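Here is the structure we will look at.
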Amino acid sequence: MTEELDRLRASSAYSGGNAAFIEALYEAYLADPDSVPAGWRAHFDTLPRSGVDAPPDTPHAPIRANLERLARESHKQILVSGPALSAGAAAKQAAVLRLINASRVRGHQAANLDPLGLTEAVPVPELDPAYHGLNEGDMRTCFNTGSLFAPERMELHEIIDIVREVYTGTIGSEYMHITDTREKRWIQQRLESYRGRPELGDEDRRWILHMLTAAEGLEKYLHTRYVGQKRFSLEGGDSLIPLLDELIQRGGRKGVEEVVIGMAHRGRLNVLVNTLGKPPHELFEEFEGRGRRRGIMTSGDVKYHMGFASDVETPGGLVHVALGFNPSHLEIISPVVEGSVRARQQRRGDKAGDKVLSVIIHGDAAFTGQGVVMETFNISQARGYQTGGTVHIVVNNQIGFTTSNPLDSRSTNYCTDVAKMVQAPIFHVNGDDPEAVIFVTRMVLDYRNQFRKDAVLDLVCYRRHGHNEADEPAVTQPVMYKKIRNHQPVRAAYADRLIADDVLSPEQTHAMVEGYRSDLERGHAVGRPIVCGLSNPYSVNWRPFRDTTWDTPADTTVPLDRLQALAGQMLTPPGGWTLHPRVQRIVDDRHKMAAGDQLADWGFGENLAYATLLDDGYAVRISGQDSRRGTFFHRHAMFRDQVSGASYIPLQHLRAGQPNFVVIDSVLSEEAVLAFEYGYASAEPDSLVVWEAQFGDFANGAQVVIDQFISSAGSKWGLMCGLVMLLPHGYEGQGPEHSSARLERYMQLCAEHNIQVCVP
């Protein structure tokens, strides 16, 4: 009977056994042709598309009908001769489906992720067929594959081969914590259809080796030329360079026009040269103490804090790539990047996040250890802060700063577990398998683009040297560093792989190494073709502000008739609205203030100031805890109808074509929110951006942002920012905490017109 059914299934690619599998692939193909393997893509390209009259939810109705007809015919024959499953067979079938599900849920725990092989294997009984009651005698039995992206029926040994290849190879996938079934099915389709391997031609593989050669070559060159100098080497995590290259190239192909990257120290110099195309001679000058930002006098900073921007060629055109300047407070760059991206998206009218992509590169210990990471995840889907999803890359060298024992560095299984708070998918990948790294890179970018949510790529690697090049790591980690000293670098291992596959000869791989070093010696650009200093309508331009004389206040007086006209606009809720009685009294009083019958108060004056700026053509953004109403019940930038609960923001309706006015009740965070607003303001010179502390002393929780960016970025990096911090307080008998914004601290930070402290 089994042989007869197998023969029936083999008679047609569209048989009942395959129809559901092929139908799912075709659905994925219609949404994104790149999401299915090339063989199926070529086959589907030959199929006729449905007519324009087909309903939108059935874009290939005729093809679907044909699949269903063929499936019915096959199943009809099967049903005629196929008996119902016995109780024992049904139990075995259920066991197979449990095994598939266990692989999806826990396969990552058995995956081959550690390049050094030092990580102790965790026993996972659920991944053993015997745990589910399956034995050797079942291996040649055909079972239904359930929701596995495979033909509907396969022999058990084939099913096991698929789930092991996909879920316990060099990729460990965590996504079953996601509650949205559509997202889980999308991930399963991508993983299981491709068997966890990317489609790469010989030229693609040669380019991966080229990027690995660049990553290793720069580090070796700096190691011999600048002995003992700190550079926070990428060695051991070399696959980051082909990863970023793939991310930018694929992003450009998918329509991305800007990428903003935030990262700490490790690998930064490598990314600057090999990804963004910073001229090597400029980096060498910095090592030799001769570096200076073109045309900008600064107090200077260490090399591995520096940013850079360039335009990289991709199949979809030039992509502007900006690497943010970052202080030693590692993860504080994360919300700064998000704010910068949000501003760039709004400037382009990019509401979905199609054009501007945020990429944040973390260290393993910082990702799990610093609270601002959690705060940044928390704002990722909040309305005032979302950017269409961020690609998070963790350069996981498994050692953090000086310790590799997770018992000392975290309370979770993985350093990435914090990302589960927003149900982000997490893909752990062995950094010594660069092809798997490329596959996962495509996955996280495509997931982000598909669902507009964050995704995490955990690049599991190692650190060939100490925390810095002067450190001796074997003092605290003798076993690990004995292993590292004898471990073949990823470039050499991948070169051997390509030689074995007849993709390159040994002479060609050697020529790559020599050619890269020769380019460095001559100071030539060594990455993708890039353009520096390109101007476009969306560029961030602070030049008009650089020669401002900050000692002389501008004339900000406004004619009374203009103020009264604007007041009339912003004090008029929609017809038929019922305001809260206390709010109605405030509105009535403000009408009297506008008429000159009553002295203006702070709340009215503040709203009028925003109105005049908007009327002059300047956008305004305000965020903070309870900023719409105002903590002191003073602002009321938003009205609420007490009957329907609907909201209305008068300052958005002053005149047709006015600039944007945004007021946000922020999450209960100071550090991430202030850093976000700093990033936003630094990328939006012509807008008023305001962060409001609920009480002035609440800024204590964001002191890192104030010290490392707001007060010092101009001195260190020549960067400008027009952020306004509102620090409200008053002598109301609530004690010193709520009676002072501690302005003396800000006075101590003032130097060379870096900030202005204003006391109304």
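Each chain in the structure tokens gets a letter, A, B and so on, in the order shown; residues start at 1 in every chain, and ligands are counted from 1 in the order they appear.
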* For Met421 in chain A, list every protein, DNA or RNA residue within 9 Å, evaluated using only C-alpha atoms, and leave out those in the same chain fewer than 6 positions away; present the list as a ChimeraX atom specification. => /A:374,377-378
Deliver the residues from the most recent selection as a file, using N, CA and C atoms, as a PDB file, in the first residue's frame.
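Full text of selection-v4.pdb as output:
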ATOM      1  N   MET A 374      17.142  47.849  27.354  1.00  0.00           N
ATOM      2  CA  MET A 374      15.737  47.552  27.622  1.00  0.00           C
ATOM      3  C   MET A 374      14.861  48.759  27.322  1.00  0.00           C
ATOM      4  N   PHE A 377      14.389  49.059  23.580  1.00  0.00           N
ATOM      5  CA  PHE A 377      13.398  48.093  23.088  1.00  0.00           C
ATOM      6  C   PHE A 377      11.990  48.541  23.459  1.00  0.00           C
ATOM      7  N   ASN A 378      11.846  49.089  24.656  1.00  0.00           N
ATOM      8  CA  ASN A 378      10.519  49.465  25.130  1.00  0.00           C
ATOM      9  C   ASN A 378       9.885  50.565  24.288  1.00  0.00           C
TER      10      ASN A 378
END
* Nearby residues (only C-alpha atoms) at most 6 Å from range 178-184 of chain A, same-chain spacing under 3 positions excluded, as a PyMOL selection string -> chain A and resi 175+187+423
* Which one of A:Leu116, A:Leu534, A:Val336, A:Ala366 sits closest to Phe676 in chain A if you count only C-alpha atoms? -> A:Val336
* Tell me which protein, DNA and RNA residues are within 10 Å of range 580-588 of chain A, counting only C-alpha atoms, leaving out same-chain ones fewer than 6 positions away, and put them as number ranges by chain. => A: 570-573, 603-604, 629, 633-636, 639-643
* To do: Could you tell me which of A:Leu222, A:Gly172, A:Arg344, A:Leu727 comes closest to Pro537 in chain A if we count only C-alpha atoms?
  =>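 Using only C-alpha atoms, the shortest distance to Pro537 in chain A belongs to A:Arg344.
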* **All alpha helix (DSSP H) residues (DSSP, backbone) inside range 445-491 of chain A, as a ChimeraX atom specification** => /A:445-451,478-485,490-491
* To do: Tell me which protein, DNA and RNA residues are within 6 Å of Gly353 in chain A, counting only C-alpha atoms, leaving out same-chain ones fewer than 2 positions away, and put them as JSON, numbers by chain.
  => {"A": [350, 351, 355, 356, 387, 388]}
Let's have the selection written as a compact mmCIF listing (two decimals), in the first residue's frame, with N, CA and C atoms.
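Okay, result_3.txt is ready:
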# COMPACT_ATOMS: atom_id res chain seq x y z
N ASP A 350 8.85 59.25 5.10
CA ASP A 350 9.00 57.79 5.09
C ASP A 350 8.28 57.21 6.30
N LYS A 351 6.95 57.16 6.24
CA LYS A 351 6.17 56.75 7.41
C LYS A 351 6.36 55.28 7.75
N LYS A 355 12.71 53.67 3.67
CA LYS A 355 13.87 54.36 3.11
C LYS A 355 15.05 54.48 4.07
N VAL A 356 14.76 54.55 5.38
CA VAL A 356 15.83 54.77 6.36
C VAL A 356 15.83 53.62 7.36
N THR A 387 10.47 53.35 14.51
CA THR A 387 11.22 53.67 13.29
C THR A 387 11.07 52.58 12.22
N GLY A 388 10.06 51.73 12.37
CA GLY A 388 9.86 50.67 11.38
C GLY A 388 10.75 49.47 11.62
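You will find CA of Thr376 in chain A at 13.4 Å from CA of Leu330 in chain A.
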* Please identify all polymer residues within 9 Å of Cys415 in chain A, counting only C-alpha atoms, omitting same-chain residues fewer than 3 positions from it, and present them as a list in words. => Asp364, Ala365, Ala366, Phe367, Thr368, Gly369, Val394, Asn396, Pro406, Ser409, Arg410, Ser411, Thr412, Val418 and Asp458 of chain A
* Which residue, A:Arg528, A:His738, A:Arg463, A:Arg231, has the smallest gap to Glu219 in chain A when you use only C-alpha atoms? -> A:Arg231
* Asked: So which bits of range 373-525 of chain A end up strand (DSSP E) when you DSSP the backbone, as a PyMOL selection string?
  -> chain A and resi 390-396+426-430+455-460
Given the selection you just returned, output its residues as a file containing all heavy atoms, formatted as a compact mmCIF listing (two decimals), in the first residue's frame.
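To be explicit, this is the file written out as result_18.txt:
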# COMPACT_ATOMS: atom_id res chain seq x y z
N THR A 390 14.34 47.84 13.95
CA THR A 390 15.80 47.99 13.97
C THR A 390 16.45 46.62 13.83
O THR A 390 15.96 45.64 14.39
CB THR A 390 16.24 48.63 15.30
OG1 THR A 390 15.71 49.96 15.36
CG2 THR A 390 17.75 48.68 15.43
N VAL A 391 17.55 46.57 13.08
CA VAL A 391 18.36 45.36 13.02
C VAL A 391 19.42 45.47 14.12
O VAL A 391 20.26 46.37 14.10
CB VAL A 391 19.02 45.19 11.64
CG1 VAL A 391 20.02 44.03 11.67
CG2 VAL A 391 17.97 44.96 10.57
N HIS A 392 19.34 44.57 15.09
CA HIS A 392 20.31 44.52 16.19
C HIS A 392 21.32 43.42 15.90
O HIS A 392 20.94 42.28 15.62
CB HIS A 392 19.62 44.23 17.52
CG HIS A 392 18.65 45.27 17.96
ND1 HIS A 392 19.01 46.34 18.76
CD2 HIS A 392 17.33 45.42 17.70
CE1 HIS A 392 17.95 47.09 18.99
NE2 HIS A 392 16.91 46.56 18.36
N ILE A 393 22.60 43.75 15.97
CA ILE A 393 23.67 42.77 15.77
C ILE A 393 24.49 42.72 17.05
O ILE A 393 24.99 43.75 17.51
CB ILE A 393 24.57 43.18 14.59
CG1 ILE A 393 23.75 43.28 13.30
CG2 ILE A 393 25.72 42.18 14.41
CD1 ILE A 393 24.45 44.06 12.20
N VAL A 394 24.60 41.55 17.64
CA VAL A 394 25.41 41.38 18.84
C VAL A 394 26.72 40.70 18.45
O VAL A 394 26.71 39.58 17.95
CB VAL A 394 24.68 40.54 19.90
CG1 VAL A 394 25.54 40.39 21.15
CG2 VAL A 394 23.33 41.16 20.25
N VAL A 395 27.84 41.41 18.62
CA VAL A 395 29.15 40.79 18.42
C VAL A 395 29.48 40.09 19.73
O VAL A 395 29.98 40.69 20.67
CB VAL A 395 30.22 41.84 18.04
CG1 VAL A 395 31.58 41.17 17.85
CG2 VAL A 395 29.81 42.56 16.75
N ASN A 396 29.15 38.81 19.76
CA ASN A 396 29.16 38.04 21.00
C ASN A 396 30.47 37.28 21.11
O ASN A 396 30.61 36.16 20.61
CB ASN A 396 27.96 37.08 20.99
CG ASN A 396 27.84 36.30 22.27
OD1 ASN A 396 28.70 36.36 23.14
ND2 ASN A 396 26.77 35.54 22.38
N ILE A 426 15.19 36.04 17.43
CA ILE A 426 16.63 36.06 17.72
C ILE A 426 17.28 34.91 16.98
O ILE A 426 16.87 33.75 17.13
CB ILE A 426 16.88 35.93 19.24
CG1 ILE A 426 16.16 37.06 20.00
CG2 ILE A 426 18.37 35.94 19.53
CD1 ILE A 426 16.00 36.78 21.48
N PHE A 427 18.29 35.22 16.19
CA PHE A 427 19.00 34.20 15.43
C PHE A 427 20.46 34.20 15.87
O PHE A 427 21.19 35.15 15.63
CB PHE A 427 18.88 34.46 13.93
CG PHE A 427 17.46 34.47 13.44
CD1 PHE A 427 16.78 35.67 13.26
CD2 PHE A 427 16.78 33.29 13.20
CE1 PHE A 427 15.46 35.69 12.83
CE2 PHE A 427 15.46 33.29 12.78
CZ PHE A 427 14.80 34.49 12.59
N HIS A 428 20.85 33.13 16.55
CA HIS A 428 22.24 32.94 16.95
C HIS A 428 22.95 32.25 15.79
O HIS A 428 22.42 31.30 15.20
CB HIS A 428 22.33 32.07 18.20
CG HIS A 428 21.39 32.45 19.30
ND1 HIS A 428 21.65 33.46 20.20
CD2 HIS A 428 20.16 31.97 19.63
CE1 HIS A 428 20.64 33.56 21.05
NE2 HIS A 428 19.73 32.68 20.73
N VAL A 429 24.15 32.69 15.46
CA VAL A 429 24.85 32.08 14.33
C VAL A 429 26.33 31.97 14.64
O VAL A 429 26.93 32.87 15.24
CB VAL A 429 24.60 32.88 13.02
CG1 VAL A 429 25.07 34.32 13.15
CG2 VAL A 429 25.24 32.21 11.83
N ASN A 430 26.91 30.85 14.25
CA ASN A 430 28.33 30.58 14.45
C ASN A 430 29.14 31.49 13.53
O ASN A 430 29.04 31.41 12.31
CB ASN A 430 28.62 29.11 14.15
CG ASN A 430 30.01 28.69 14.52
OD1 ASN A 430 30.98 29.40 14.28
ND2 ASN A 430 30.14 27.49 15.08
N ALA A 455 14.61 42.94 15.04
CA ALA A 455 15.10 41.57 14.95
C ALA A 455 16.55 41.55 15.39
O ALA A 455 17.27 42.54 15.25
CB ALA A 455 14.96 41.03 13.52
N VAL A 456 16.99 40.41 15.95
CA VAL A 456 18.31 40.31 16.57
C VAL A 456 19.13 39.22 15.89
O VAL A 456 18.67 38.09 15.72
CB VAL A 456 18.19 40.01 18.08
CG1 VAL A 456 19.58 39.88 18.70
CG2 VAL A 456 17.40 41.11 18.78
N LEU A 457 20.36 39.58 15.53
CA LEU A 457 21.33 38.63 15.01
C LEU A 457 22.47 38.54 16.02
O LEU A 457 23.18 39.51 16.25
CB LEU A 457 21.86 39.08 13.64
CG LEU A 457 22.69 38.10 12.81
CD1 LEU A 457 22.76 38.57 11.36
CD2 LEU A 457 24.10 37.91 13.34
N ASP A 458 22.61 37.37 16.62
CA ASP A 458 23.64 37.14 17.64
C ASP A 458 24.81 36.43 16.98
O ASP A 458 24.77 35.23 16.73
CB ASP A 458 23.04 36.29 18.77
CG ASP A 458 24.04 35.96 19.87
OD1 ASP A 458 25.03 36.71 20.00
OD2 ASP A 458 23.82 34.97 20.59
N LEU A 459 25.86 37.20 16.67
CA LEU A 459 27.05 36.67 16.00
C LEU A 459 27.98 36.07 17.06
O LEU A 459 28.73 36.78 17.72
CB LEU A 459 27.75 37.79 15.22
CG LEU A 459 28.99 37.40 14.41
CD1 LEU A 459 28.60 36.49 13.25
CD2 LEU A 459 29.70 38.64 13.90
N VAL A 460 27.91 34.76 17.22
CA VAL A 460 28.68 34.09 18.26
C VAL A 460 30.10 33.88 17.74
O VAL A 460 30.32 33.17 16.75
CB VAL A 460 28.03 32.75 18.65
CG1 VAL A 460 28.81 32.11 19.81
CG2 VAL A 460 26.57 32.95 19.03
* Which residue, A:Gly277, A:Pro315, A:Gly339, A:Gly431, has the smallest gap to Asp238 in chain A when you use only C-alpha atoms? ->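 Using only C-alpha atoms, Asp238 in chain A sits closest to A:Gly431.
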* Test item: residues at most 9 Å from Gly384 in chain A, only C-alpha atoms, excluding those fewer than 4 positions along its chain, as a ChimeraX atom specification -> /A:379,623,662-666
Residues as selected, N, CA, C and O atoms, written as an mmCIF file, in the first residue's frame, can you do that?
data_model
loop_
_atom_site.group_PDB
_atom_site.id
_atom_site.type_symbol
_atom_site.label_atom_id
_atom_site.label_comp_id
_atom_site.auth_asym_id
_atom_site.auth_seq_id
_atom_site.Cartn_x
_atom_site.Cartn_y
_atom_site.Cartn_z
ATOM 1 N N ILE A 379 10.711 51.461 23.716
ATOM 2 C CA ILE A 379 10.125 52.525 22.896
ATOM 3 C C ILE A 379 10.011 52.125 21.424
ATOM 4 O O ILE A 379 9.483 52.889 20.615
ATOM 5 N N SER A 623 8.398 66.069 23.864
ATOM 6 C CA SER A 623 8.098 64.783 24.488
ATOM 7 C C SER A 623 8.537 64.810 25.938
ATOM 8 O O SER A 623 9.442 65.550 26.331
ATOM 9 N N VAL A 662 4.207 67.935 16.978
ATOM 10 C CA VAL A 662 4.059 66.647 17.649
ATOM 11 C C VAL A 662 4.264 66.860 19.138
ATOM 12 O O VAL A 662 5.253 67.472 19.554
ATOM 13 N N VAL A 663 3.342 66.363 19.945
ATOM 14 C CA VAL A 663 3.508 66.372 21.390
ATOM 15 C C VAL A 663 3.212 64.960 21.872
ATOM 16 O O VAL A 663 2.211 64.354 21.499
ATOM 17 N N ILE A 664 4.130 64.413 22.692
ATOM 18 C CA ILE A 664 4.105 62.991 23.027
ATOM 19 C C ILE A 664 4.154 62.814 24.532
ATOM 20 O O ILE A 664 4.982 63.428 25.216
ATOM 21 N N ASP A 665 3.278 61.953 25.045
ATOM 22 C CA ASP A 665 3.431 61.472 26.415
ATOM 23 C C ASP A 665 4.394 60.294 26.355
ATOM 24 O O ASP A 665 4.047 59.206 25.892
ATOM 25 N N SER A 666 5.611 60.513 26.821
ATOM 26 C CA SER A 666 6.650 59.500 26.651
ATOM 27 C C SER A 666 6.459 58.330 27.610
ATOM 28 O O SER A 666 5.675 58.391 28.562
#
* So what do you get for CA of Gly596 in chain A versus CA of Ala567 in chain A, distance-wise? ->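 CA of Ala567 in chain A lies 11.8 Å from CA of Gly596 in chain A.
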* **Pick from A:Phe451, A:Tyr414, A:Trp207, A:Phe287, whichever lies nearest to Leu504 in chain A using only C-alpha atoms** =>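 Using only C-alpha atoms, Leu504 in chain A sits closest to A:Trp207.
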